[in-house]
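K.L.:
Dropping in query.pdb, with PDB, C-alpha atoms.
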```pdb
ATOM      1  CA  MET A   3      94.366 107.209 223.355  1.00  0.00           C
ATOM      2  CA  ARG A   4      97.175 105.182 224.919  1.00  0.00           C
ATOM      3  CA  HIS A   5      99.456 108.257 224.955  1.00  0.00           C
ATOM      4  CA  PHE A   6      96.757 110.316 226.725  1.00  0.00           C
ATOM      5  CA  THR A   7      96.260 107.545 229.282  1.00  0.00           C
ATOM      6  CA  SER A   8      99.996 107.436 229.936  1.00  0.00           C
ATOM      7  CA  ASP A   9     100.058 111.188 230.539  1.00  0.00           C
ATOM      8  CA  LEU A  10      97.067 110.888 232.847  1.00  0.00           C
ATOM      9  CA  GLU A  11      98.683 108.029 234.768  1.00  0.00           C
ATOM     10  CA  SER A  12     101.890 110.046 235.111  1.00  0.00           C
ATOM     11  CA  LEU A  13      99.955 113.065 236.393  1.00  0.00           C
ATOM     12  CA  SER A  14      98.083 110.898 238.919  1.00  0.00           C
ATOM     13  CA  PHE A  15     101.326 109.268 240.037  1.00  0.00           C
ATOM     14  CA  GLN A  16     102.917 112.653 240.736  1.00  0.00           C
ATOM     15  CA  SER A  17      99.855 114.418 242.192  1.00  0.00           C
ATOM     16  CA  THR A  18      98.680 111.924 244.806  1.00  0.00           C
ATOM     17  CA  ASN A  19      99.471 112.524 248.483  1.00  0.00           C
ATOM     18  CA  HIS A  20     100.460 108.878 248.875  1.00  0.00           C
ATOM     19  CA  GLN A  21     104.204 108.251 248.724  1.00  0.00           C
ATOM     20  CA  LEU A  22     104.738 106.049 245.657  1.00  0.00           C
ATOM     21  CA  ILE A  23     107.776 104.317 244.203  1.00  0.00           C
ATOM     22  CA  ILE A  24     108.341 101.705 241.522  1.00  0.00           C
ATOM     23  CA  ILE A  25     110.978  99.077 242.260  1.00  0.00           C
ATOM     24  CA  ASP A  26     112.500  96.270 240.214  1.00  0.00           C
ATOM     25  CA  GLN A  27     113.298  92.705 241.253  1.00  0.00           C
ATOM     26  CA  HIS A  28     116.663  93.869 242.643  1.00  0.00           C
ATOM     27  CA  TRP A  29     114.857  96.339 244.944  1.00  0.00           C
ATOM     28  CA  ILE A  30     116.261  99.307 243.033  1.00  0.00           C
ATOM     29  CA  ILE A  31     113.949 102.336 243.010  1.00  0.00           C
ATOM     30  CA  ARG A  32     113.226 103.007 239.336  1.00  0.00           C
ATOM     31  CA  SER A  33     110.811 105.882 239.823  1.00  0.00           C
ATOM     32  CA  CYS A  34     109.210 107.890 242.636  1.00  0.00           C
ATOM     33  CA  ASN A  35     106.692 110.693 242.997  1.00  0.00           C
ATOM     34  CA  ARG A  36     107.029 114.108 244.647  1.00  0.00           C
ATOM     35  CA  ALA A  37     105.222 112.977 247.818  1.00  0.00           C
ATOM     36  CA  TRP A  38     107.858 110.252 248.335  1.00  0.00           C
ATOM     37  CA  GLN A  39     110.748 112.683 247.874  1.00  0.00           C
ATOM     38  CA  HIS A  40     109.179 115.269 250.164  1.00  0.00           C
ATOM     39  CA  GLY A  41     108.281 112.755 252.877  1.00  0.00           C
ATOM     40  CA  LEU A  42     111.604 110.947 252.781  1.00  0.00           C
ATOM     41  CA  HIS A  43     113.612 114.046 253.638  1.00  0.00           C
ATOM     42  CA  LYS A  44     111.462 114.547 256.737  1.00  0.00           C
ATOM     43  CA  LEU A  45     112.234 111.063 258.029  1.00  0.00           C
ATOM     44  CA  LEU A  46     115.836 110.393 257.066  1.00  0.00           C
ATOM     45  CA  SER A  47     119.177 112.148 257.006  1.00  0.00           C
ATOM     46  CA  TYR A  48     120.439 113.530 253.700  1.00  0.00           C
ATOM     47  CA  ALA A  49     122.930 110.670 253.310  1.00  0.00           C
ATOM     48  CA  ALA A  50     120.252 108.039 253.929  1.00  0.00           C
ATOM     49  CA  CYS A  51     117.901 109.689 251.422  1.00  0.00           C
ATOM     50  CA  ARG A  52     120.445 109.113 248.651  1.00  0.00           C
ATOM     51  CA  HIS A  53     119.899 105.334 248.803  1.00  0.00           C
ATOM     52  CA  ASN A  54     118.235 104.055 245.637  1.00  0.00           C
ATOM     53  CA  HIS A  55     117.912 100.545 247.062  1.00  0.00           C
ATOM     54  CA  TYR A  56     114.546 100.204 248.795  1.00  0.00           C
ATOM     55  CA  LEU A  57     115.629  97.625 251.379  1.00  0.00           C
ATOM     56  CA  HIS A  58     118.700  99.691 252.266  1.00  0.00           C
ATOM     57  CA  LEU A  59     116.378 102.625 252.858  1.00  0.00           C
ATOM     58  CA  MET A  60     114.301 100.527 255.239  1.00  0.00           C
ATOM     59  CA  GLU A  61     117.450  99.467 257.068  1.00  0.00           C
ATOM     60  CA  ALA A  62     118.465 103.126 257.349  1.00  0.00           C
ATOM     61  CA  TRP A  63     115.022 103.773 258.811  1.00  0.00           C
ATOM     62  CA  SER A  64     115.574 100.959 261.260  1.00  0.00           C
ATOM     63  CA  ALA A  65     118.871 102.468 262.447  1.00  0.00           C
ATOM     64  CA  GLN A  66     116.910 105.498 263.645  1.00  0.00           C
ATOM     65  CA  GLN A  67     114.250 103.460 265.444  1.00  0.00           C
ATOM     66  CA  LYS A  68     114.128 101.960 268.907  1.00  0.00           C
ATOM     67  CA  ASN A  69     112.470  98.705 267.873  1.00  0.00           C
ATOM     68  CA  GLY A  70     114.278  97.905 264.612  1.00  0.00           C
ATOM     69  CA  TYR A  71     110.987  96.808 263.052  1.00  0.00           C
ATOM     70  CA  PRO A  72     111.674  98.188 259.521  1.00  0.00           C
ATOM     71  CA  SER A  73     114.810  96.014 259.399  1.00  0.00           C
ATOM     72  CA  GLN A  74     112.718  92.942 260.212  1.00  0.00           C
ATOM     73  CA  ILE A  75     110.345  93.826 257.367  1.00  0.00           C
ATOM     74  CA  ALA A  76     113.312  94.325 255.014  1.00  0.00           C
ATOM     75  CA  HIS A  77     114.648  90.877 255.939  1.00  0.00           C
ATOM     76  CA  TYR A  78     111.249  89.299 255.222  1.00  0.00           C
ATOM     77  CA  LEU A  79     110.903  91.065 251.875  1.00  0.00           C
ATOM     78  CA  ARG A  80     114.430  90.157 250.796  1.00  0.00           C
ATOM     79  CA  HIS A  81     113.838  86.431 251.295  1.00  0.00           C
ATOM     80  CA  ASN A  82     110.137  85.950 250.547  1.00  0.00           C
ATOM     81  CA  VAL A  83     108.759  88.373 247.982  1.00  0.00           C
ATOM     82  CA  VAL A  84     110.790  88.276 244.741  1.00  0.00           C
ATOM     83  CA  PRO A  85     109.592  87.548 242.097  1.00  0.00           C
ATOM     84  CA  PHE A  86     106.628  89.805 242.673  1.00  0.00           C
ATOM     85  CA  SER A  87     103.541  87.637 242.446  1.00  0.00           C
ATOM     86  CA  GLU A  88     101.130  88.927 245.089  1.00  0.00           C
ATOM     87  CA  THR A  89     100.312  92.015 247.138  1.00  0.00           C
ATOM     88  CA  HIS A  90     101.956  92.449 250.554  1.00  0.00           C
ATOM     89  CA  THR A  91     100.730  94.892 253.207  1.00  0.00           C
ATOM     90  CA  TYR A  92     102.503  95.840 256.437  1.00  0.00           C
ATOM     91  CA  ASP A  93     102.637  98.743 258.912  1.00  0.00           C
ATOM     92  CA  ILE A  94     105.882 100.500 259.834  1.00  0.00           C
ATOM     93  CA  PRO A  95     106.443 102.791 262.855  1.00  0.00           C
ATOM     94  CA  VAL A  96     108.871 105.633 262.229  1.00  0.00           C
ATOM     95  CA  THR A  97     110.303 108.159 264.676  1.00  0.00           C
ATOM     96  CA  THR A  98     111.030 111.532 263.062  1.00  0.00           C
ATOM     97  CA  GLU A  99     113.980 113.788 263.829  1.00  0.00           C
ATOM     98  CA  HIS A 100     111.658 115.699 266.179  1.00  0.00           C
ATOM     99  CA  ASN A 101     111.041 112.481 268.157  1.00  0.00           C
ATOM    100  CA  GLU A 102     107.497 112.203 266.820  1.00  0.00           C
ATOM    101  CA  GLU A 103     106.168 108.715 266.150  1.00  0.00           C
ATOM    102  CA  LYS A 104     104.478 108.239 262.794  1.00  0.00           C
ATOM    103  CA  TRP A 105     102.982 105.123 261.237  1.00  0.00           C
ATOM    104  CA  PHE A 106     102.900 104.181 257.562  1.00  0.00           C
ATOM    105  CA  ARG A 107     100.887 101.458 255.882  1.00  0.00           C
ATOM    106  CA  VAL A 108     102.967  99.995 253.076  1.00  0.00           C
ATOM    107  CA  GLU A 109     101.401  98.129 250.159  1.00  0.00           C
ATOM    108  CA  LEU A 110     103.620  96.364 247.655  1.00  0.00           C
ATOM    109  CA  THR A 111     101.681  95.533 244.486  1.00  0.00           C
ATOM    110  CA  PRO A 112     103.069  93.726 241.399  1.00  0.00           C
ATOM    111  CA  LEU A 113     102.643  95.683 238.164  1.00  0.00           C
ATOM    112  CA  GLN A 114     100.549  93.418 235.985  1.00  0.00           C
ATOM    113  CA  ASP A 115     100.737  95.304 232.709  1.00  0.00           C
ATOM    114  CA  ASN A 116     101.800  92.837 230.013  1.00  0.00           C
ATOM    115  CA  SER A 117     104.411  95.213 228.639  1.00  0.00           C
ATOM    116  CA  VAL A 118     106.411  95.188 231.879  1.00  0.00           C
ATOM    117  CA  MET A 119     105.763  91.703 233.232  1.00  0.00           C
ATOM    118  CA  ASP A 120     109.249  90.515 232.214  1.00  0.00           C
ATOM    119  CA  LYS A 121     110.870  93.357 234.172  1.00  0.00           C
ATOM    120  CA  HIS A 122     109.421  92.209 237.499  1.00  0.00           C
ATOM    121  CA  LEU A 123     108.351  95.648 238.665  1.00  0.00           C
ATOM    122  CA  ALA A 124     106.224  96.478 241.681  1.00  0.00           C
ATOM    123  CA  LEU A 125     104.487  99.588 242.964  1.00  0.00           C
ATOM    124  CA  VAL A 126     105.113 100.434 246.635  1.00  0.00           C
ATOM    125  CA  ALA A 127     102.699 102.864 248.308  1.00  0.00           C
ATOM    126  CA  HIS A 128     103.396 104.416 251.715  1.00  0.00           C
ATOM    127  CA  THR A 129     100.273 105.900 253.359  1.00  0.00           C
ATOM    128  CA  ASP A 130     100.430 107.916 256.580  1.00  0.00           C
ATOM    129  CA  ILE A 131      98.085 106.188 259.072  1.00  0.00           C
ATOM    130  CA  THR A 132      99.352 107.947 262.212  1.00  0.00           C
ATOM    131  CA  GLU A 133      95.944 109.348 263.175  1.00  0.00           C
ATOM    132  CA  GLN A 134      94.314 105.956 262.628  1.00  0.00           C
ATOM    133  CA  LYS A 135      96.901 104.303 264.886  1.00  0.00           C
ATOM    134  CA  LYS A 136      96.365 106.945 267.581  1.00  0.00           C
ATOM    135  CA  THR A 137      92.610 106.316 267.462  1.00  0.00           C
ATOM    136  CA  GLU A 138      93.160 102.542 267.679  1.00  0.00           C
ATOM    137  CA  LEU A 139      95.423 103.047 270.720  1.00  0.00           C
ATOM    138  CA  GLU A 140      92.872 105.291 272.437  1.00  0.00           C
ATOM    139  CA  LEU A 141      90.098 102.763 271.806  1.00  0.00           C
ATOM    140  CA  ARG A 142      92.277  99.920 273.082  1.00  0.00           C
ATOM    141  CA  GLN A 143      93.081 101.857 276.251  1.00  0.00           C
ATOM    142  CA  ALA A 144      89.400 102.701 276.767  1.00  0.00           C
ATOM    143  CA  LEU A 145      88.496  99.026 276.319  1.00  0.00           C
ATOM    144  CA  ASN A 146      91.160  97.941 278.804  1.00  0.00           C
ATOM    145  CA  GLU A 147      89.896 100.479 281.324  1.00  0.00           C
ATOM    146  CA  ALA A 148      86.305  99.374 280.807  1.00  0.00           C
ATOM    147  CA  ARG A 149      87.323  95.757 281.384  1.00  0.00           C
ATOM    148  CA  THR A 150      88.636  96.668 284.831  1.00  0.00           C
ATOM    149  CA  LEU A 151      85.021  97.193 285.878  1.00  0.00           C
ATOM    150  CA  TYR A 152      84.418  93.484 285.371  1.00  0.00           C
ATOM    151  CA  GLY A 153      85.778  90.841 287.702  1.00  0.00           C
ATOM    152  CA  LEU A 154      87.119  91.322 291.216  1.00  0.00           C
ATOM    153  CA  LEU A 155      87.897  94.800 292.577  1.00  0.00           C
ATOM    154  CA  PRO A 156      89.759  95.160 295.902  1.00  0.00           C
ATOM    155  CA  ILE A 157      87.532  97.321 298.107  1.00  0.00           C
ATOM    156  CA  CYS A 158      88.190  98.352 301.710  1.00  0.00           C
ATOM    157  CA  ALA A 159      85.747  96.697 304.127  1.00  0.00           C
ATOM    158  CA  VAL A 160      85.726  99.838 306.317  1.00  0.00           C
ATOM    159  CA  CYS A 161      85.930 102.995 304.185  1.00  0.00           C
ATOM    160  CA  LYS A 162      84.896 101.349 300.869  1.00  0.00           C
ATOM    161  CA  HIS A 163      87.829 102.806 298.936  1.00  0.00           C
ATOM    162  CA  ILE A 164      88.888 100.829 295.842  1.00  0.00           C
ATOM    163  CA  LYS A 165      92.463  99.839 294.994  1.00  0.00           C
ATOM    164  CA  ASP A 166      93.251 100.605 291.346  1.00  0.00           C
ATOM    165  CA  GLU A 167      95.760  99.076 288.917  1.00  0.00           C
ATOM    166  CA  SER A 168      98.536 101.283 290.399  1.00  0.00           C
ATOM    167  CA  ASP A 169      97.854  99.954 293.917  1.00  0.00           C
ATOM    168  CA  GLU A 170      96.456 103.336 294.938  1.00  0.00           C
ATOM    169  CA  TRP A 171      93.285 103.600 297.028  1.00  0.00           C
ATOM    170  CA  ASN A 172      90.562 105.802 295.566  1.00  0.00           C
ATOM    171  CA  SER A 173      87.068 106.683 296.628  1.00  0.00           C
ATOM    172  CA  VAL A 174      84.354 105.022 294.606  1.00  0.00           C
ATOM    173  CA  GLU A 175      83.601 108.338 292.920  1.00  0.00           C
ATOM    174  CA  ARG A 176      87.209 108.973 291.938  1.00  0.00           C
ATOM    175  CA  TYR A 177      87.675 105.409 290.695  1.00  0.00           C
ATOM    176  CA  LEU A 178      84.605 105.510 288.466  1.00  0.00           C
ATOM    177  CA  GLU A 179      85.410 108.973 287.154  1.00  0.00           C
ATOM    178  CA  LYS A 180      88.903 107.749 286.260  1.00  0.00           C
ATOM    179  CA  HIS A 181      87.749 104.576 284.526  1.00  0.00           C
ATOM    180  CA  THR A 182      84.459 105.653 282.975  1.00  0.00           C
ATOM    181  CA  SER A 183      82.850 108.769 281.527  1.00  0.00           C
ATOM    182  CA  ALA A 184      80.468 109.010 284.495  1.00  0.00           C
ATOM    183  CA  GLU A 185      80.136 112.233 286.518  1.00  0.00           C
ATOM    184  CA  PHE A 186      78.665 112.471 290.012  1.00  0.00           C
ATOM    185  CA  THR A 187      76.114 114.654 291.721  1.00  0.00           C
ATOM    186  CA  HIS A 188      75.561 114.011 295.432  1.00  0.00           C
ATOM    187  CA  ASP A 189      72.276 113.202 297.101  1.00  0.00           C
ATOM    188  CA  ILE A 190      71.306 111.286 300.231  1.00  0.00           C
ATOM    189  CA  CYS A 191      69.295 108.122 300.295  1.00  0.00           C
ATOM    190  CA  PRO A 192      66.230 107.579 302.571  1.00  0.00           C
ATOM    191  CA  GLU A 193      68.004 105.074 304.839  1.00  0.00           C
ATOM    192  CA  CYS A 194      70.824 107.530 305.555  1.00  0.00           C
ATOM    193  CA  ILE A 195      68.347 110.300 306.247  1.00  0.00           C
ATOM    194  CA  ARG A 196      66.620 108.120 308.856  1.00  0.00           C
ATOM    195  CA  ARG A 197      69.963 107.146 310.419  1.00  0.00           C
ATOM    196  CA  VAL A 198      71.827 110.472 310.305  1.00  0.00           C
ATOM    197  CA  TYR A 199      68.936 112.934 310.424  1.00  0.00           C
ATOM    198  CA  PRO A 200      66.184 111.118 312.339  1.00  0.00           C
ATOM    199  CA  LYS A 201      64.205 114.285 313.040  1.00  0.00           C
ATOM    200  CA  TYR A 202      63.647 114.696 309.292  1.00  0.00           C
ATOM    201  CA  SER A 203      62.644 111.088 308.749  1.00  0.00           C
ATOM    202  CA  THR A 204      58.948 111.940 309.191  1.00  0.00           C
ATOM    203  CA  ILE A 205      59.125 113.773 305.890  1.00  0.00           C
ATOM    204  CA  LEU A 206      59.883 110.464 304.221  1.00  0.00           C
ATOM    205  CA  ASP A 207      56.892 108.799 305.858  1.00  0.00           C
ATOM    206  CA  HIS A 208      54.517 111.615 304.871  1.00  0.00           C
ATOM    207  CA  PRO A 209      55.628 112.930 301.511  1.00  0.00           C
ATOM    208  CA  HIS A 210      53.797 115.944 300.089  1.00  0.00           C
TER     209      HIS A 210
END
```
Since I need it in another form, could you write the structure as structure tokens?
P.N.:
Amino acid sequence: MRHFTSDLESLSFQSTNHQLIIIDQHWIIRSCNRAWQHGLHKLLSYAACRHNHYLHLMEAWSAQQKNGYPSQIAHYLRHNVVPFSETHTYDIPVTTEHNEEKWFRVELTPLQDNSVMDKHLALVAHTDITEQKKTELELRQALNEARTLYGLLPICAVCKHIKDESDEWNSVERYLEKHTSAEFTHDICPECIRRVYPKYSTILDHPH
């Protein structure tokens, strides 16, 4: 039964779409699945892919990034995580060779099997969360735009145009269409009918 379970675990390890590696306490990659190998070559140069030291890989990632965030994560892991005693989760932004930004959620989990406890091994899973991050950004932008409808809005005392966050003056219709999902259809109110079209005002006083 144990042999069958091992085969099943190996099959699951290789078949999942999540990028998985097993590292030891020296941050050496002891094993990886096909998804990791396939994904790594999309994100790093051939020379960088040959690293078998996980933290060096992250530093190679960082060399390709504008913010250097993977290097900061590598520094934290190097000084705070070994020996592996608890799960750590962090998000890493990566810019591909095609200048496309992708995000990965990384989970480092100690392997608790009694047979390998003395080897200080950990499983590291990289999950692509790019679409989730894009959705979060869109929601955050929508929330920020909605918040602009609260508080003070600069409005012209004469023409009633509104000054937006770019210091541009917009009509009320354009401002609301830009900052909300509202659409406009035009009508004319009774007071304006009486003022602009007085000869039709009797219709208002004697509706059918």
K.L.:
Tell me, as a list in words, which residues lie within 7 Å of Phe106 (chain A), counting all atoms listed in the file; anything in the same chain fewer than 4 positions away does not count.
P.N.:
Asp93, Ile94, Pro95, His128, Thr129, Asp130, Ile131 and Thr132 of chain A
K.L.:
Hey, can you check how far CA of Ser33 (chain A) sits from CA of Lys135 (chain A)?
P.N.:
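Computing it gives 28.7 Å between the two atoms.
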K.L.:
Using all atoms listed in the file, which residue out of A:Gln134, A:Leu59, A:Gly70, A:Tyr177 lies closest to Leu155 (chain A)?
P.N.:
A:Tyr177
K.L.:
Which residues fall under the PyMOL selection byres ((chain A and resi 26) around 8) in this file, as a list in words?
P.N.:
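Output of the PyMOL selection byres ((chain A and resi 26) around 8): Ile24, Ile25, Gln27, His28, Trp29, Ile30, Ile31, Arg32, Lys121, His122, Leu123 and Ala124 of chain A.
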K.L.:
Hey, can you check how far CA of Ala65 (chain A) sits from CA of Ala127 (chain A)?
P.N.:
21.5 Å
K.L.:
When you draw a straight line from CA of His20 (chain A) to CA of Gln39 (chain A), how long is it in Å?
P.N.:
11.0 Å
K.L.:
Can you tell me which residues surround Tyr78 (chain A) at a distance of at most 12 Å, considering only C-alpha atoms, apart from same-chain residues fewer than 5 positions away, and format the answer as a ChimeraX atom specification?
P.N.:
/A:57,60,71-73,83-84,90,92
K.L.:
Hey, which of A:Arg176, A:His40, A:His58, A:His181 ends up closest to Asn146 (chain A)? Count all atoms listed in the file.
P.N.:
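That would be A:His181, the residue with the smallest distance to Asn146 (chain A).
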K.L.:
Would you kindly place N, CA and C atoms on region 121-151 of chain A and return the model as a compact mmCIF listing (two decimals), in the frame of the given file?
P.N.:
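Everything below was put into result06.txt:
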```txt
# COMPACT_ATOMS: atom_id res chain seq x y z
N LYS A 121 109.93 92.53 233.41
CA LYS A 121 110.87 93.36 234.17
C LYS A 121 110.70 93.17 235.68
N HIS A 122 109.65 92.47 236.08
CA HIS A 122 109.42 92.21 237.50
C HIS A 122 109.39 93.50 238.32
N LEU A 123 108.49 94.38 237.95
CA LEU A 123 108.35 95.65 238.66
C LEU A 123 107.21 95.57 239.66
N ALA A 124 107.30 96.40 240.69
CA ALA A 124 106.22 96.48 241.68
C ALA A 124 106.05 97.93 242.11
N LEU A 125 104.82 98.27 242.43
CA LEU A 125 104.49 99.59 242.96
C LEU A 125 104.44 99.49 244.48
N VAL A 126 105.14 100.39 245.17
CA VAL A 126 105.11 100.43 246.64
C VAL A 126 104.49 101.76 247.06
N ALA A 127 103.41 101.67 247.83
CA ALA A 127 102.70 102.86 248.31
C ALA A 127 102.84 102.97 249.82
N HIS A 128 103.30 104.13 250.28
CA HIS A 128 103.40 104.42 251.72
C HIS A 128 102.30 105.42 252.06
N THR A 129 101.37 105.03 252.95
CA THR A 129 100.27 105.90 253.36
C THR A 129 100.39 106.22 254.84
N ASP A 130 100.34 107.49 255.18
CA ASP A 130 100.43 107.92 256.58
C ASP A 130 99.14 107.52 257.31
N ILE A 131 99.26 106.63 258.30
CA ILE A 131 98.08 106.19 259.07
C ILE A 131 98.27 106.53 260.55
N THR A 132 99.05 107.58 260.83
CA THR A 132 99.35 107.95 262.21
C THR A 132 98.09 108.22 263.00
N GLU A 133 97.18 109.01 262.46
CA GLU A 133 95.94 109.35 263.18
C GLU A 133 95.10 108.11 263.42
N GLN A 134 95.06 107.21 262.45
CA GLN A 134 94.31 105.96 262.63
C GLN A 134 94.90 105.14 263.76
N LYS A 135 96.24 105.06 263.82
CA LYS A 135 96.90 104.30 264.89
C LYS A 135 96.64 104.93 266.25
N LYS A 136 96.65 106.27 266.32
CA LYS A 136 96.36 106.94 267.58
C LYS A 136 94.96 106.63 268.06
N THR A 137 94.00 106.64 267.11
CA THR A 137 92.61 106.32 267.46
C THR A 137 92.50 104.87 267.94
N GLU A 138 93.18 103.95 267.26
CA GLU A 138 93.16 102.54 267.68
C GLU A 138 93.71 102.39 269.09
N LEU A 139 94.81 103.12 269.39
CA LEU A 139 95.42 103.05 270.72
C LEU A 139 94.47 103.59 271.78
N GLU A 140 93.81 104.71 271.48
CA GLU A 140 92.87 105.29 272.44
C GLU A 140 91.71 104.34 272.70
N LEU A 141 91.21 103.71 271.64
CA LEU A 141 90.10 102.76 271.81
C LEU A 141 90.53 101.54 272.61
N ARG A 142 91.77 101.07 272.34
CA ARG A 142 92.28 99.92 273.08
C ARG A 142 92.43 100.24 274.57
N GLN A 143 92.93 101.45 274.86
CA GLN A 143 93.08 101.86 276.25
C GLN A 143 91.73 101.98 276.93
N ALA A 144 90.75 102.56 276.20
CA ALA A 144 89.40 102.70 276.77
C ALA A 144 88.79 101.33 277.04
N LEU A 145 89.02 100.37 276.12
CA LEU A 145 88.50 99.03 276.32
C LEU A 145 89.14 98.36 277.52
N ASN A 146 90.47 98.52 277.66
CA ASN A 146 91.16 97.94 278.80
C ASN A 146 90.65 98.52 280.12
N GLU A 147 90.41 99.84 280.12
CA GLU A 147 89.90 100.48 281.32
C GLU A 147 88.48 100.01 281.64
N ALA A 148 87.68 99.84 280.59
CA ALA A 148 86.30 99.37 280.81
C ALA A 148 86.30 97.96 281.36
N ARG A 149 87.26 97.14 280.92
CA ARG A 149 87.32 95.76 281.38
C ARG A 149 87.66 95.67 282.87
N THR A 150 88.31 96.72 283.40
CA THR A 150 88.64 96.67 284.83
C THR A 150 87.39 96.75 285.70
N LEU A 151 86.26 97.13 285.12
CA LEU A 151 85.02 97.19 285.88
C LEU A 151 84.35 95.83 285.96
```
